[in-house]
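Next comes entry.csv, a file with CSV, C-alpha atoms and all ligand atoms.
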chain,number,residue,atom,x,y,z
A,1,SER,CA,33.4,-5.9,-4.9
A,2,VAL,CA,32.4,-2.3,-5.7
A,3,ALA,CA,35.6,-1.8,-7.6
A,4,ASP,CA,34.7,-4.8,-9.8
A,5,LEU,CA,31.3,-3.4,-10.4
A,6,ILE,CA,32.7,0.0,-11.4
A,7,ASP,CA,35.0,-1.8,-13.9
A,8,ARG,CA,32.0,-3.6,-15.3
A,9,LEU,CA,30.2,-0.3,-15.4
A,10,HIS,CA,32.9,1.2,-17.5
A,11,GLU,CA,33.0,-1.8,-19.8
A,12,GLU,CA,29.3,-2.4,-20.2
A,13,ALA,CA,27.5,0.8,-19.6
A,14,ALA,CA,29.7,3.7,-20.5
A,15,LEU,CA,28.7,5.8,-23.4
A,16,ASP,CA,31.2,8.4,-22.6
A,17,HIS,CA,33.3,9.0,-19.6
A,18,PRO,CA,36.3,11.3,-19.1
A,19,ASP,CA,39.8,9.8,-18.7
A,20,GLU,CA,40.0,11.0,-15.2
A,21,GLU,CA,37.8,9.4,-12.5
A,22,THR,CA,36.2,12.6,-11.2
A,23,PRO,CA,34.0,14.4,-13.8
A,24,ASP,CA,31.7,17.1,-12.4
A,25,VAL,CA,28.3,15.7,-13.6
A,26,GLY,CA,27.1,12.2,-14.1
A,27,ILE,CA,24.3,11.4,-16.6
A,28,VAL,CA,22.7,8.0,-16.3
A,29,MET,CA,19.7,6.6,-18.1
A,30,GLY,CA,17.7,3.4,-18.0
A,31,SER,CA,18.1,2.3,-21.7
A,32,ASP,CA,19.8,3.1,-25.0
A,33,SER,CA,16.3,4.1,-26.1
A,34,ASP,CA,16.5,7.1,-23.7
A,35,LEU,CA,19.6,8.4,-25.3
A,36,GLU,CA,18.1,10.8,-27.8
A,37,THR,CA,15.8,12.4,-25.2
A,38,MET,CA,18.5,12.6,-22.6
A,39,MET,CA,21.3,13.9,-24.7
A,40,THR,CA,20.2,15.5,-28.0
A,41,GLY,CA,16.5,15.9,-27.3
A,42,GLY,CA,15.1,15.1,-30.7
A,43,GLU,CA,13.2,18.2,-31.8
A,44,ARG,CA,14.0,19.8,-28.5
A,45,ARG,CA,17.5,20.0,-27.3
A,46,GLY,CA,19.0,17.8,-24.6
A,47,ALA,CA,21.6,17.7,-21.9
A,48,TYR,CA,24.4,17.2,-24.4
A,49,ASP,CA,23.4,20.4,-26.2
A,50,ALA,CA,23.2,22.3,-23.0
A,51,PHE,CA,26.6,21.3,-21.7
A,52,VAL,CA,28.6,21.2,-25.0
A,53,HIS,CA,26.9,23.8,-27.1
A,54,GLU,CA,25.7,26.3,-24.5
A,55,LEU,CA,27.9,26.0,-21.5
A,56,ASP,CA,31.2,24.9,-23.1
A,57,PHE,CA,31.6,21.7,-21.0
A,58,ALA,CA,34.0,19.2,-22.4
A,59,GLU,CA,33.2,15.5,-22.4
A,60,GLN,CA,36.7,14.0,-22.1
A,61,THR,CA,38.8,16.8,-20.8
A,62,ASN,CA,40.3,16.9,-17.4
A,63,TYR,CA,39.4,20.5,-16.5
A,64,ARG,CA,41.9,20.6,-13.7
A,65,ASP,CA,44.8,20.2,-16.3
A,66,SER,CA,43.1,22.2,-19.0
A,67,PRO,CA,44.1,25.7,-19.7
A,68,ASP,CA,40.5,26.7,-20.5
A,69,GLU,CA,39.1,25.1,-17.3
A,70,ARG,CA,36.3,23.3,-19.1
A,71,PHE,CA,34.0,21.1,-17.0
A,72,THR,CA,33.3,17.4,-17.6
A,73,PHE,CA,30.4,15.0,-17.6
A,74,GLU,CA,30.2,11.2,-18.1
A,75,THR,CA,27.3,9.2,-19.5
A,76,TYR,CA,26.2,5.7,-18.6
A,77,VAL,CA,23.3,3.4,-19.3
A,78,THR,CA,22.3,1.5,-16.1
A,79,SER,CA,18.8,0.1,-15.5
A,80,ALA,CA,17.1,-0.1,-12.1
A,81,HIS,CA,15.5,-3.3,-13.2
A,82,ARG,CA,17.9,-4.9,-15.7
A,83,THR,CA,21.2,-4.0,-14.0
A,84,PRO,CA,20.3,-3.1,-10.4
A,85,ASP,CA,23.9,-4.0,-9.3
A,86,LEU,CA,25.4,-1.5,-11.7
A,87,MET,CA,22.9,1.2,-10.8
A,88,THR,CA,23.7,0.7,-7.1
A,89,ALA,CA,27.5,0.7,-7.7
A,90,TYR,CA,27.3,3.9,-9.7
A,91,ALA,CA,25.1,5.7,-7.2
A,92,ASP,CA,26.9,4.4,-4.1
A,93,THR,CA,30.4,5.5,-5.3
A,94,ALA,CA,29.3,8.8,-7.0
A,95,GLU,CA,30.1,11.1,-4.2
A,96,GLU,CA,33.5,9.5,-3.3
A,97,ARG,CA,34.5,9.6,-6.9
A,98,GLY,CA,34.0,13.3,-6.8
A,99,LEU,CA,30.8,13.9,-8.8
A,100,GLU,CA,29.0,17.0,-7.7
A,101,VAL,CA,25.6,16.3,-9.2
A,102,ILE,CA,23.8,13.5,-11.1
A,103,ILE,CA,21.2,13.7,-13.9
A,104,ALA,CA,19.2,10.5,-14.1
A,105,GLY,CA,16.5,9.8,-16.7
A,106,ALA,CA,14.2,6.9,-17.3
A,107,GLY,CA,10.9,6.2,-19.1
A,108,GLY,CA,8.0,3.9,-18.9
A,109,LYS,CA,5.6,3.7,-15.9
A,110,SER,CA,8.3,2.2,-13.7
A,111,ALA,CA,10.8,4.9,-14.2
A,112,ASP,CA,12.7,4.0,-11.0
A,113,LEU,CA,16.3,4.8,-12.0
A,114,PRO,CA,16.1,8.5,-10.9
A,115,ASN,CA,14.4,7.6,-7.7
A,116,MET,CA,16.7,4.8,-6.7
A,117,THR,CA,19.8,6.7,-7.8
A,118,ALA,CA,18.7,9.7,-5.6
A,119,SER,CA,18.1,7.4,-2.6
A,120,ILE,CA,21.4,5.6,-2.9
A,121,ALA,CA,23.6,8.6,-3.8
A,122,TYR,CA,22.1,10.8,-1.0
A,123,PRO,CA,23.3,13.4,0.0
A,124,LEU,CA,24.5,14.1,-3.6
A,125,PRO,CA,21.9,16.1,-5.5
A,126,VAL,CA,20.1,14.1,-8.2
A,127,ILE,CA,18.0,15.7,-11.0
A,128,GLY,CA,15.4,13.4,-12.4
A,129,VAL,CA,14.2,13.4,-16.0
A,130,PRO,CA,11.0,11.5,-16.8
A,131,VAL,CA,11.7,10.5,-20.4
A,132,GLN,CA,8.0,10.3,-21.3
A,133,GLU,CA,4.8,12.0,-19.9
A,134,LYS,CA,3.7,8.7,-18.3
A,135,SER,CA,6.9,8.6,-16.3
A,136,VAL,CA,6.4,11.9,-14.6
A,137,ASP,CA,4.4,10.6,-11.6
A,138,SER,CA,7.0,7.9,-10.9
A,139,VAL,CA,9.9,10.4,-11.0
A,140,ILE,CA,8.3,13.1,-8.9
A,141,GLY,CA,6.4,10.9,-6.5
A,142,MET,CA,9.1,10.4,-3.9
A,143,PRO,CA,8.3,9.9,-0.2
A,144,THR,CA,8.9,12.6,2.4
A,145,GLY,CA,12.5,12.6,3.3
A,146,ALA,CA,13.7,11.1,0.0
A,147,PRO,CA,14.4,14.2,-2.1
A,148,LEU,CA,14.7,14.2,-5.9
A,149,VAL,CA,14.7,17.3,-7.9
A,150,ALA,CA,12.8,16.7,-11.2
A,151,VAL,CA,12.1,18.4,-14.5
A,152,ASP,CA,9.1,17.8,-16.8
A,153,ALA,CA,9.0,15.0,-19.3
A,154,GLY,CA,11.9,15.1,-21.8
A,155,LYS,CA,13.4,18.3,-20.4
A,156,SER,CA,17.0,17.1,-20.1
A,157,PHE,CA,18.2,20.4,-21.4
A,158,ASN,CA,16.8,22.1,-18.3
A,159,ALA,CA,18.1,19.4,-16.1
A,160,ALA,CA,21.6,20.2,-17.4
A,161,LEU,CA,21.1,23.9,-16.7
A,162,SER,CA,19.9,23.1,-13.2
A,163,ALA,CA,23.0,20.9,-12.7
A,164,ALA,CA,25.2,23.8,-13.9
A,165,GLN,CA,23.4,26.1,-11.4
A,166,ILE,CA,24.4,23.8,-8.6
A,167,LEU,CA,28.0,23.7,-9.9
A,168,ALA,CA,28.0,27.5,-10.2
A,169,ARG,CA,27.8,27.9,-6.4
A,170,GLN,CA,31.4,26.7,-6.4
A,171,HIS,CA,32.7,27.6,-9.8
A,172,ASP,CA,32.7,31.2,-11.0
A,173,ALA,CA,33.4,30.1,-14.6
A,174,ILE,CA,30.1,28.3,-14.8
A,175,ARG,CA,28.2,31.1,-13.0
A,176,ASP,CA,29.5,33.6,-15.5
A,177,ARG,CA,28.6,31.4,-18.4
A,178,LEU,CA,25.0,30.9,-17.1
A,179,VAL,CA,24.6,34.7,-16.7
A,180,GLU,CA,25.9,35.2,-20.2
A,181,TYR,CA,23.5,32.5,-21.5
A,182,HIS,CA,20.6,34.2,-19.9
A,183,GLU,CA,21.5,37.5,-21.6
A,184,GLU,CA,21.7,35.7,-24.9
A,185,LEU,CA,18.2,34.3,-24.3
A,186,ARG,CA,16.9,37.8,-23.5
A,187,GLU,CA,18.4,39.1,-26.7
A,188,SER,CA,16.8,36.4,-28.8
A,189,VAL,CA,13.4,37.1,-27.3
A,190,GLY,CA,13.9,40.8,-28.1
A,191,THR,CA,14.8,39.9,-31.7
A,192,VAL,CA,11.6,37.9,-32.1
A,193,SER,CA,9.4,40.6,-30.7
A,194,GLN,CA,11.2,43.2,-32.8
A,195,GLU,CA,10.5,41.1,-35.9
A,196,LEU,CA,6.8,41.0,-35.0
A,197,HIS,CA,6.7,44.8,-35.0
A,198,ASP,CA,8.5,45.2,-38.3
B,201,LIG,C1,12.8,2.3,-19.0
B,201,LIG,O1,12.0,1.7,-19.8
B,201,LIG,C2,13.9,3.0,-19.8
B,201,LIG,O2,14.3,4.1,-19.1
B,201,LIG,C3,13.2,3.3,-21.1
B,201,LIG,O3,12.8,4.6,-21.1
B,201,LIG,C4,12.0,2.4,-21.1
B,201,LIG,C5,12.0,1.4,-22.2
B,201,LIG,O4,13.2,0.8,-22.3
B,201,LIG,P1,13.6,-0.1,-23.6
B,201,LIG,O5,12.6,-1.3,-23.5
B,201,LIG,O6,13.4,0.7,-24.8
B,201,LIG,O7,15.0,-0.6,-23.4
B,201,LIG,O8,13.4,1.4,-18.0
File written out as structure tokens:
Amino acid sequence: SVADLIDRLHEEAALDHPDEETPDVGIVMGSDSDLETMMTGGERRGAYDAFVHELDFAEQTNYRDSPDERFTFETYVTSAHRTPDLMTAYADTAEERGLEVIIAGAGGKSADLPNMTASIAYPLPVIGVPVQEKSVDSVIGMPTGAPLVAVDAGKSFNAALSAAQILARQHDAIRDRLVEYHEELRESVGTVSQELHD
């Protein structure tokens, strides 16, 4: 049953999921080897940095009970090819569990996890992250009528910001934080150009 599959998902595939069953954002990836690109980004920064360091999301906090109204995300490894049953269970139950947006990343030339997750989770929005350059065509090449929003290879940081933009339509706290973040970016650009003139 789907409930059994979700139990297996928690046991086998969960890197991090909030205690409550309805986090705001789901992050899924095809392999443990995608973890760095998806979450901490190596030399770049990843979705974890965007959510935790920039936007003040919590990983394990139930924001509905939390005085500071922090938002939550969960993280799973499910593979379109190695664990298609878990991928299907996750995507199929995402909307009813209360997720508002999914970020899905995969690498290789057969980067099918974002695509399949988007098709099964529809109409929930899914943001695809090609983990490598060679995965870009696979992730963006969806047929007409099967939408998948995608970022460029490795840009999980931007995928997280895009997810936050979707959440911001409903949640003023996230909208305010996004506006503030943009102001900080503007100021940091100003600082660099000022240094060039000094
Ligand atoms: C894809 O194949 C995964 O998303 C990963 O990026 C790539 C390689 O996976 P591993 O062989 O490192 O597990 O399915």
List every residue of chain A that has an atom at most 9 Å from any atom of ligand LIG 201 (chain B), giving for each one its closest atom pair and the distance in Å to one decimal, counting only C-alpha atoms and all ligand atoms, sorted by chain and then by ascending residue number, as JSON lines.
{"residue": "A:Met29", "atom": "CA", "partner": "B:LIG201", "partner_atom": "O2", "distance": 6.0}
{"residue": "A:Gly30", "atom": "CA", "partner": "B:LIG201", "partner_atom": "O2", "distance": 3.6}
{"residue": "A:Ser31", "atom": "CA", "partner": "B:LIG201", "partner_atom": "O7", "distance": 4.6}
{"residue": "A:Asp32", "atom": "CA", "partner": "B:LIG201", "partner_atom": "O7", "distance": 6.3}
{"residue": "A:Ser33", "atom": "CA", "partner": "B:LIG201", "partner_atom": "O6", "distance": 4.7}
{"residue": "A:Asp34", "atom": "CA", "partner": "B:LIG201", "partner_atom": "O3", "distance": 5.2}
{"residue": "A:Leu35", "atom": "CA", "partner": "B:LIG201", "partner_atom": "O3", "distance": 8.8}
{"residue": "A:Thr78", "atom": "CA", "partner": "B:LIG201", "partner_atom": "O2", "distance": 8.9}
{"residue": "A:Ser79", "atom": "CA", "partner": "B:LIG201", "partner_atom": "O8", "distance": 6.1}
{"residue": "A:Ala80", "atom": "CA", "partner": "B:LIG201", "partner_atom": "O8", "distance": 7.1}
{"residue": "A:His81", "atom": "CA", "partner": "B:LIG201", "partner_atom": "O8", "distance": 7.0}
{"residue": "A:Arg82", "atom": "CA", "partner": "B:LIG201", "partner_atom": "O8", "distance": 8.1}
{"residue": "A:Gly105", "atom": "CA", "partner": "B:LIG201", "partner_atom": "O2", "distance": 6.6}
{"residue": "A:Ala106", "atom": "CA", "partner": "B:LIG201", "partner_atom": "O2", "distance": 3.3}
{"residue": "A:Gly107", "atom": "CA", "partner": "B:LIG201", "partner_atom": "O3", "distance": 3.2}
{"residue": "A:Gly108", "atom": "CA", "partner": "B:LIG201", "partner_atom": "O1", "distance": 4.7}
{"residue": "A:Lys109", "atom": "CA", "partner": "B:LIG201", "partner_atom": "O1", "distance": 7.8}
{"residue": "A:Ser110", "atom": "CA", "partner": "B:LIG201", "partner_atom": "O8", "distance": 6.7}
{"residue": "A:Ala111", "atom": "CA", "partner": "B:LIG201", "partner_atom": "O8", "distance": 5.8}
{"residue": "A:Asp112", "atom": "CA", "partner": "B:LIG201", "partner_atom": "O8", "distance": 7.5}
{"residue": "A:Leu113", "atom": "CA", "partner": "B:LIG201", "partner_atom": "O2", "distance": 7.4}
{"residue": "A:Pro130", "atom": "CA", "partner": "B:LIG201", "partner_atom": "O3", "distance": 8.3}
{"residue": "A:Val131", "atom": "CA", "partner": "B:LIG201", "partner_atom": "O3", "distance": 6.0}
{"residue": "A:Gln132", "atom": "CA", "partner": "B:LIG201", "partner_atom": "O3", "distance": 7.5}
{"residue": "A:Ser135", "atom": "CA", "partner": "B:LIG201", "partner_atom": "O3", "distance": 8.6}
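Distance check against Ala153 in chain A using all atoms listed in the file: of A:Glu133, A:Glu195, A:Asp172, A:Asp24, the minimum falls on A:Glu133.
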Discussion item. Residues near Thr88 in chain A, anyone? I mean within 9 Å using all atoms listed in the file, not counting same-chain ones fewer than 3 positions away, as a list in words.
Written reply: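 Near neighbours after the sequence-gap exclusion: Ala80, Thr83, Pro84, Asp85, Ala91, Asp92, Thr93, Met116, Thr117, Ile120 and Ala121 of chain A.
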For the selection you just gave me, I'd like the residues written to a file as a CSV table (one decimal), in the coordinates of the input, keeping C-alpha atoms.
chain,number,residue,atom,x,y,z
A,80,ALA,CA,17.1,-0.1,-12.1
A,83,THR,CA,21.2,-4.0,-14.0
A,84,PRO,CA,20.3,-3.1,-10.4
A,85,ASP,CA,23.9,-4.0,-9.3
A,91,ALA,CA,25.1,5.7,-7.2
A,92,ASP,CA,26.9,4.4,-4.1
A,93,THR,CA,30.4,5.5,-5.3
A,116,MET,CA,16.7,4.8,-6.7
A,117,THR,CA,19.8,6.7,-7.8
A,120,ILE,CA,21.4,5.6,-2.9
A,121,ALA,CA,23.6,8.6,-3.8
Worksheet item: Could you name the residues that touch Thr37 in chain A at 7 Å or less, counting all atoms listed in the file, but leaving out those on the same chain fewer than 3 positions away, as a list of chain:residue names?
Response: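 Near neighbours after the sequence-gap exclusion: A:Asp34, A:Thr40, A:Gly41, A:Gly42, A:Gly46, A:Val131, A:Gly154.
Put simply, CA of Ala168 in chain A is 27.3 Å away from CA of Thr144 in chain A.
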Worksheet item: Rounded to one decimal in Å, what is the spacing between CA of Tyr181 in chain A and CA of Met38 in chain A?
Response: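 Computing the Euclidean distance for CA of Tyr181 in chain A and CA of Met38 in chain A yields 20.5 Å.
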Worksheet entry | Of the listed residues A:Val28, A:Leu124, A:Leu178, A:Leu9, that which approaches Leu161 in chain A most closely, counting only C-alpha atoms | A:Leu178
Discussion item. Which residues are near His53 in chain A? Cut-off 12 Å, all atoms listed in the file, ignore same chain within fewer than 2 positions. Put them as a ChimeraX atom specification.
Written reply: /A:39-40,45-51,55-59,157,160-161,177,181
Worksheet item: CA of Val126 in chain A and CA of Glu11 in chain A are how many Å apart?
Response: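 These atoms are spaced 23.5 Å apart.
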Practice prompt. Go through A:His171, A:Phe71, A:Leu196, A:Glu12 and flag the residue nearest Leu86 in chain A, using only C-alpha atoms for the distances.
Written response: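 Checking each candidate against Leu86 in chain A, we get A:Glu12 as the closest.
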Worksheet item: Smallest atom-to-atom distance to Pro125 in chain A: which of A:Val52, A:Met142, A:Ile103, A:Met87, using only C-alpha atoms?
Response: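 Distance minimum relative to Pro125 in chain A lands on A:Ile103.
With all atoms listed in the file as the basis for measurement, A:Tyr76 is the residue among A:Ile27, A:Ile166, A:Val189, A:Tyr76 that approaches His10 in chain A most closely.
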